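Notes for the one structure printed next.
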Amino acid sequence: MQLAFAPELKAFREEAADWLNSQLSGPFKNVRGQTNQTDHVEERRAWEAALGEARWSVVGWPEQWGGRGASIAQQVIFAEEYARAKAPPRLGHLGVELLGPTLLALGTEEQKARFLPDIAHGRAIWCQGYSEPGAGSDLANVKTKARLEGDTYIIDGQKIWTSMGMVADWCFVVARTEPGSVGNKGLSFLMVPMDQPGVTPRPIRQMTGEAEFAEVFFDGAQALAIDRIGTEGDGWKVAMALLGFERGVSTLAQQMHFRNELDEIVAAAKANGKASDTLIRQRIAHAHAGLKIMRYNGLRMLSDEGENLSGAAYTYKLYWSQWHKALGELAMDVLGQEGEIGLDEERFDSLTTMYLMSRSDTIYAGTDQIQRNIISERGLGLPREPRGQ
């Protein structure tokens, strides 16, 4: 297993780092180091457009659709340099990392031509309409309905925990299109414009003071039948294919972001004298070792061949969510009482915010309990957990 990058990739890394650092110390210096997904939205949209113009937004996509046709190694390098430069979280990440690859794999040529250029150039921000009240981790239990009238679907229902729901232009929605169907049967995958009558997003204020999530209500909202990915009733297959892209190259960028957080904790420990505490030093070393393990597992996932998820992919989310939660607890123990004081009435500093947000890591994208079921049933082939009738 090759865990290092070949020497010929050095030039690509230097090109990416030079462009990122020049932009983030120049026209986009105000967004450098930002962590809140919904601050300075217009500047962040401009940043997405600049990435697209320079063909850095979707480096792994074919050149035809705004990418560079980059290899996996080059994609990993750019993801690492993006995080190393402390570039802001991608406002368009759900389109870039999830919907775009799904369209490339399963979309029609007309759908690719309609949607991919706007994603690549930051002209369209997407949100994800999966979770619902009463159907969080049980995605197949969705109640949102869509009926076909002519060439248009009419959608009624509610989605919740919708990341970017307050700023998105489009939402990809899993809806039940076959009356009377249950479970993962009779679902369809629809692309729905947010700016229309019948779509009402409402912000969900988090304990960090931010409102990254929204609940979205559909009351007679419309989606064109030509904007359905896959055939009617085949939405489960599309939804699962999309979730498979969550274990891709972006995991390496996530790890570099974790590296930045760990470095901030070490700096705080040195500044307030906690670095001399033997237990704190031991926990920092343990966090460092865990980060290395994540990196090697991430590279191993990307090097695996075949359509089936590897053992590393099955365990990855459970591992990093537990690791990050422990990192948040370490940050608070290093900061002490200072970490409990907000910057103002609504916001905390970066490490306290990280600690508060890390509590959600074990819930979104599949709870830790669901992840353990997946590992046992799909990864190890153990008997399925009894399901209620």
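Ordering of the structure tokens sets the chain letters (A, B, ...), residue numbers begin anew at 1 in every chain, and ligands are numbered from 1 in the order given.
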So that each row is one residue of range 149-228 of chain A with an atom at most 10 Å from range 116-128 of chain A, can you give its shortest atom pair and the distance in Å to one decimal, using only C-alpha atoms, rows by chain and rising number, as CSV?
residue,atom,partner,partner_atom,distance
A:Lys159,CA,A:Gln128,CA,8.9
A:Ile160,CA,A:Gln128,CA,9.5
A:Trp161,CA,A:Gln128,CA,9.0
A:Thr162,CA,A:Gln128,CA,6.0
A:Ser163,CA,A:Cys127,CA,6.0
A:Met164,CA,A:Cys127,CA,5.6
A:Gly165,CA,A:Cys127,CA,5.7
A:Met166,CA,A:Cys127,CA,9.0
A:Val167,CA,A:Ile125,CA,7.4
A:Ala168,CA,A:Ile125,CA,4.8
A:Asp169,CA,A:Ile125,CA,5.2
A:Trp170,CA,A:Trp126,CA,4.8
A:Cys171,CA,A:Cys127,CA,4.7
A:Phe172,CA,A:Gln128,CA,5.4
A:Val173,CA,A:Gln128,CA,6.6
A:Val174,CA,A:Gln128,CA,8.9
A:Met191,CA,A:Trp126,CA,9.5
A:Val192,CA,A:Trp126,CA,9.6
A:Pro193,CA,A:Trp126,CA,9.3
A:Met194,CA,A:Trp126,CA,9.1
A:Phe213,CA,A:Cys127,CA,9.8
A:Ala214,CA,A:Cys127,CA,9.9
Query raised in the report: Can you list, as a ChimeraX atom specification, every protein, DNA or RNA residue that comes within 6 Å of range 236-243 of chain A when you count only C-alpha atoms, leaving out same-chain residues fewer than 6 positions away?
Result: /A:98,102,184
Requested in this report: Within range 86-268 of chain A, find each residue whose DSSP state, derived from the backbone, is helix (DSSP H, G or I), and express the selection as a ChimeraX atom specification.
Outcome: /A:93-106,109-120,139-141,225-227,235-247,250-268
Which polymer residues have any atom within 7 Å of an atom of Ala146 in chain A, counting only C-alpha atoms, with same-chain residues fewer than 5 positions away left out, as a compact mmCIF listing (two decimals) with N, CA and C atoms, in the first residue's frame?
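See around.txt below for the written result:
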# COMPACT_ATOMS: atom_id res chain seq x y z
N TYR A 153 -43.91 17.45 -10.90
CA TYR A 153 -44.24 16.86 -9.61
C TYR A 153 -44.72 17.95 -8.65
N ILE A 154 -45.76 17.64 -7.90
CA ILE A 154 -46.27 18.52 -6.84
C ILE A 154 -45.87 17.89 -5.51
N ILE A 155 -45.13 18.65 -4.70
CA ILE A 155 -44.49 18.10 -3.50
C ILE A 155 -45.11 18.68 -2.23
N ASP A 156 -45.42 17.80 -1.29
CA ASP A 156 -45.93 18.20 0.02
C ASP A 156 -45.21 17.41 1.10
N ALA A 175 -38.47 11.84 -2.16
CA ALA A 175 -39.91 11.93 -1.89
C ALA A 175 -40.60 10.64 -2.30
N ARG A 176 -41.74 10.38 -1.67
CA ARG A 176 -42.50 9.17 -1.98
C ARG A 176 -43.46 9.47 -3.13
N THR A 177 -43.22 8.82 -4.26
CA THR A 177 -44.02 9.07 -5.46
C THR A 177 -45.00 7.94 -5.77
Requested in this report: Apply DSSP to the structure's backbone, then extract all residues of range 1-184 of chain A labelled strand (DSSP E) and return them as a PyMOL selection string.
Outcome: chain A and resi 126-129+145-149+152-163+170-176
Query raised in the report: Got a sec: who's within 10 Å of range 317-319 of chain A, counting only C-alpha atoms, leaving out chain neighbours fewer than 6 positions off, as a VMD selection string?
Result: chain A and resid 246 to 247 251 290 293 to 294 361 to 362 365 to 372 375
Requested in this report: Fewer than 6 positions away in the same chain doesn't count, so skip those; otherwise give me all residues within 12 Å of Gln337 in chain A, counting only C-alpha atoms, as an MDAnalysis selection string.
Outcome: chainID A and resid 272 331 352
**Report entry** Atomic separation - CA of Gly150 in chain A relative to CA of Gln196 in chain A, Å
**Finding:**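 About the pair CA of Gln196 in chain A and CA of Gly150 in chain A: they are 18.7 Å apart.
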Query - Residues within 12 Å of Gly134 in chain A, only C-alpha atoms, excluding chain neighbours under 3 positions, as a list of chain:residue names - result: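 The neighbour list is A:Tyr130, A:Ser131, A:Ser137, A:Asp138, A:Leu139, A:Ala140, A:Asn141, A:Val142, A:Lys143, A:Thr144, A:Gln158, A:Lys159, A:Ile160, A:Trp161.
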Selected residues written out with all heavy atoms, as a compact mmCIF listing (two decimals), in the first residue's frame:
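Saved result, result_37.txt, follows:
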# COMPACT_ATOMS: atom_id res chain seq x y z
N TYR A 130 -33.16 15.12 2.80
CA TYR A 130 -33.26 13.71 3.18
C TYR A 130 -34.03 13.56 4.49
O TYR A 130 -35.12 13.02 4.53
CB TYR A 130 -31.86 13.09 3.34
CG TYR A 130 -31.21 12.59 2.08
CD1 TYR A 130 -31.58 13.05 0.82
CD2 TYR A 130 -30.19 11.65 2.13
CE1 TYR A 130 -30.96 12.59 -0.33
CE2 TYR A 130 -29.57 11.17 0.98
CZ TYR A 130 -29.96 11.65 -0.25
OH TYR A 130 -29.34 11.18 -1.38
N SER A 131 -33.43 14.01 5.61
CA SER A 131 -33.99 13.76 6.93
C SER A 131 -35.36 14.42 7.10
O SER A 131 -35.63 15.48 6.54
CB SER A 131 -33.04 14.28 8.02
OG SER A 131 -31.83 13.57 8.01
N SER A 137 -32.46 8.89 11.17
CA SER A 137 -31.54 7.87 10.68
C SER A 137 -32.24 6.83 9.82
O SER A 137 -31.60 6.08 9.09
CB SER A 137 -30.85 7.17 11.87
OG SER A 137 -29.99 8.08 12.53
N ASP A 138 -33.57 6.78 9.90
CA ASP A 138 -34.35 5.83 9.10
C ASP A 138 -34.80 6.52 7.82
O ASP A 138 -35.97 6.87 7.65
CB ASP A 138 -35.54 5.33 9.90
CG ASP A 138 -36.32 4.23 9.18
OD1 ASP A 138 -35.81 3.73 8.15
OD2 ASP A 138 -37.42 3.89 9.63
N LEU A 139 -33.85 6.72 6.92
CA LEU A 139 -34.12 7.49 5.70
C LEU A 139 -35.25 6.89 4.89
O LEU A 139 -36.02 7.62 4.25
CB LEU A 139 -32.84 7.58 4.85
CG LEU A 139 -32.97 8.25 3.49
CD1 LEU A 139 -33.47 9.67 3.63
CD2 LEU A 139 -31.63 8.22 2.76
N ALA A 140 -35.40 5.57 4.89
CA ALA A 140 -36.42 4.92 4.06
C ALA A 140 -37.84 5.20 4.56
O ALA A 140 -38.80 4.88 3.87
CB ALA A 140 -36.17 3.42 4.02
N ASN A 141 -37.97 5.81 5.74
CA ASN A 141 -39.29 6.05 6.32
C ASN A 141 -39.81 7.45 5.99
O ASN A 141 -40.64 7.97 6.71
CB ASN A 141 -39.22 5.86 7.84
CG ASN A 141 -40.59 5.73 8.47
OD1 ASN A 141 -41.52 5.23 7.86
ND2 ASN A 141 -40.72 6.21 9.69
N VAL A 142 -39.34 8.05 4.91
CA VAL A 142 -39.76 9.41 4.57
C VAL A 142 -41.25 9.46 4.26
O VAL A 142 -41.83 8.53 3.71
CB VAL A 142 -38.95 9.98 3.38
CG1 VAL A 142 -37.48 10.06 3.71
CG2 VAL A 142 -39.16 9.14 2.12
N LYS A 143 -41.86 10.59 4.64
CA LYS A 143 -43.30 10.80 4.43
C LYS A 143 -43.58 11.88 3.39
O LYS A 143 -44.73 12.02 2.95
CB LYS A 143 -43.95 11.19 5.76
CG LYS A 143 -43.87 10.12 6.84
CD LYS A 143 -44.65 8.87 6.46
CE LYS A 143 -44.78 7.91 7.63
NZ LYS A 143 -43.47 7.34 8.06
N THR A 144 -42.59 12.68 3.02
CA THR A 144 -42.80 13.70 2.00
C THR A 144 -43.27 13.03 0.71
O THR A 144 -42.68 12.06 0.24
CB THR A 144 -41.49 14.47 1.73
OG1 THR A 144 -41.14 15.19 2.92
CG2 THR A 144 -41.65 15.46 0.59
N GLN A 158 -42.21 17.78 4.71
CA GLN A 158 -41.25 18.56 5.49
C GLN A 158 -39.92 17.83 5.59
O GLN A 158 -39.88 16.61 5.77
CB GLN A 158 -41.79 18.82 6.90
CG GLN A 158 -40.83 19.61 7.79
CD GLN A 158 -41.30 19.70 9.24
OE1 GLN A 158 -42.39 19.24 9.57
NE2 GLN A 158 -40.49 20.29 10.08
N LYS A 159 -38.84 18.57 5.46
CA LYS A 159 -37.50 18.07 5.71
C LYS A 159 -36.90 18.86 6.87
O LYS A 159 -37.27 20.02 7.11
CB LYS A 159 -36.62 18.22 4.46
CG LYS A 159 -37.11 17.45 3.25
CD LYS A 159 -37.04 15.94 3.46
CE LYS A 159 -37.51 15.18 2.22
NZ LYS A 159 -37.39 13.72 2.40
N ILE A 160 -35.95 18.24 7.56
CA ILE A 160 -35.34 18.91 8.72
C ILE A 160 -33.84 18.65 8.74
O ILE A 160 -33.35 17.76 8.04
CB ILE A 160 -36.01 18.42 10.02
CG1 ILE A 160 -35.75 19.40 11.17
CG2 ILE A 160 -35.56 17.01 10.38
CD1 ILE A 160 -36.63 19.18 12.38
N TRP A 161 -33.13 19.47 9.53
CA TRP A 161 -31.66 19.40 9.60
C TRP A 161 -31.06 19.57 8.20
O TRP A 161 -30.14 18.86 7.82
CB TRP A 161 -31.19 18.11 10.27
CG TRP A 161 -31.80 17.87 11.60
CD1 TRP A 161 -32.57 16.82 11.97
CD2 TRP A 161 -31.72 18.73 12.74
NE1 TRP A 161 -32.98 16.96 13.27
CE2 TRP A 161 -32.46 18.13 13.78
CE3 TRP A 161 -31.09 19.96 13.00
CZ2 TRP A 161 -32.62 18.70 15.03
CZ3 TRP A 161 -31.23 20.53 14.25
CH2 TRP A 161 -31.98 19.90 15.26
Report summary line: Expressed in Å, the length from CA of Ile284 in chain A to CA of Met357 in chain A is 19.6 Å
Report task. May I have the residues within 10 Å of Ala268 in chain A as JSON, numbers by chain, using only C-alpha atoms and disregarding those fewer than 5 positions away in the same chain? Result -> {"A": [262, 263, 273, 274, 275, 331, 334, 335, 351]}
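Among the candidates A:Ser25, A:Gln74, A:Thr38, A:Ser276, the one nearest to Ala11 in chain A when counting only C-alpha atoms is A:Gln74.
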**Report entry** Nearest candidate to Gly220 in chain A (options A:Thr152, A:Gln34, A:Gln255, A:Asn260; using only C-alpha atoms)
**Finding:**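 Residue with the minimum atom-to-atom distance to Gly220 in chain A: A:Thr152.
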